[in-house]
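S.K.: My structure is below; once you've seen it, I'll send some questions.
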Amino acid sequence: MQNTRLNNLVDVILRQLGQWFSNPWRRVSLVLISLLLGVFLGTAIPTTSGQTAEWDVVGAGVLVLFTEVVSRFVYGRNRRQAVSAEAASRRSLFTEVLNSLKIGLTYSMFVEAFKLGS
């Protein structure tokens with residue numbers, strides 16, 4: 001890419017955010033917020049798509065596709081081949097947040113299924 005002002009600004013902001021999230025407590029809090037957001041989305045998506053009972057199958061398919069793509073991205077073979085230590089730490093935080101979102105979504109879907117089954 002060309003070395004423009006916008007490119008430099010984005011690089012500086014991403015570097016500062018990476019340094020800010022290198023603190024373990026901030027990292028854990030971000031992962032916890034992502035988990036809770038997944039629980040919220042797992043409750044909100046089936047409720048809103050189930051109102052008309054026409055989008056249930058499509059919503060379930062999208063959620064299954066999302067969980068499979070995230071699992072493939074997090075646990076895939078290409079994930080182990082990191083380019084550099086800085087890129088690996090940034091990607092690692094992103095994959096932790098994405099994986100915790102997936103876990104919260106899956107957990108909430110099971111809770112919704114148990115509520116409907118009782």
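Residue numbers start at 1 in each chain; chains themselves are named A, B, ... in the order of the structure tokens; ligands are numbered from 1 in the order shown.
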Give me, as CSV, the closest atom pair and its distance (Å, one decimal) for every residue of stretch 42-70 of chain A within a cut-off of 10 Å of stretch 93-103 of chain A, counting only C-alpha atoms, rows sorted by chain and rising number.
M.R.:
residue,atom,partner,partner_atom,distance
A:Gly42,CA,A:Lys102,CA,9.4
A:Leu63,CA,A:Lys102,CA,9.3
A:Phe66,CA,A:Lys102,CA,8.0
A:Thr67,CA,A:Lys102,CA,6.0
A:Glu68,CA,A:Lys102,CA,9.3
A:Val70,CA,A:Asn99,CA,6.7
S.K.: From the set A:Ser22, A:Asn3, A:Thr43, A:Ser29, which residue has the shortest atom-to-atom contact distance to A:Tyr107, counting only C-alpha atoms?
M.R.: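 Closest candidate: A:Thr43.
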S.K.: My list of candidates is A:Ile45, A:Leu116, A:Pro24, A:Leu105. Which is closest to A:Val58 when distances are computed with only C-alpha atoms?
M.R.: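 Closest to A:Val58 of all the choices is A:Ile45.
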S.K.: Restricting the calculation to only C-alpha atoms: of A:Leu17, A:Asp11, A:Ser92, A:Arg5, which residue gets closest to A:Tyr75?
M.R.: A:Ser92
S.K.: Please, what distance in Å, to one decimal, runs between atom CA of A:Leu30 and atom CA of A:Met109?
M.R.: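 Separating atom CA of A:Leu30 from atom CA of A:Met109 is a distance of 21.6 Å.
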S.K.: Please return as JSON, numbers by chain: the residues of chain A that backbone DSSP assigns to helix (DSSP H, G or I).
M.R.: {"A": [5, 6, 7, 8, 9, 10, 11, 12, 13, 14, 15, 16, 17, 18, 19, 20, 24, 25, 26, 27, 28, 29, 30, 31, 32, 33, 34, 35, 36, 37, 38, 39, 40, 41, 42, 43, 44, 45, 46, 47, 48, 49, 56, 57, 58, 59, 60, 61, 62, 63, 64, 65, 66, 67, 68, 69, 70, 71, 72, 73, 74, 75, 77, 78, 79, 80, 85, 86, 87, 88, 89, 90, 91, 92, 93, 94, 95, 96, 97, 98, 99, 100, 101, 102, 103, 104, 105, 106, 107, 108, 109, 110, 111, 112, 113, 114, 115, 116, 117]}
S.K.: Atom CA of A:Leu9 and atom CA of A:Asn23 are how many Å apart?
M.R.: 22.5 Å
S.K.: Rank A:Val74, A:Thr52, A:Thr106, A:Val12 by their smallest atom-to-atom distance to A:Val39, using only C-alpha atoms, and report the top residue only.
M.R.: A:Thr106
S.K.: What does the structure give for the distance between atom CA of A:Val31 and atom CA of A:Pro46, in Å to one decimal?
M.R.: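 For atom CA of A:Val31 relative to atom CA of A:Pro46, the distance reads 23.1 Å.
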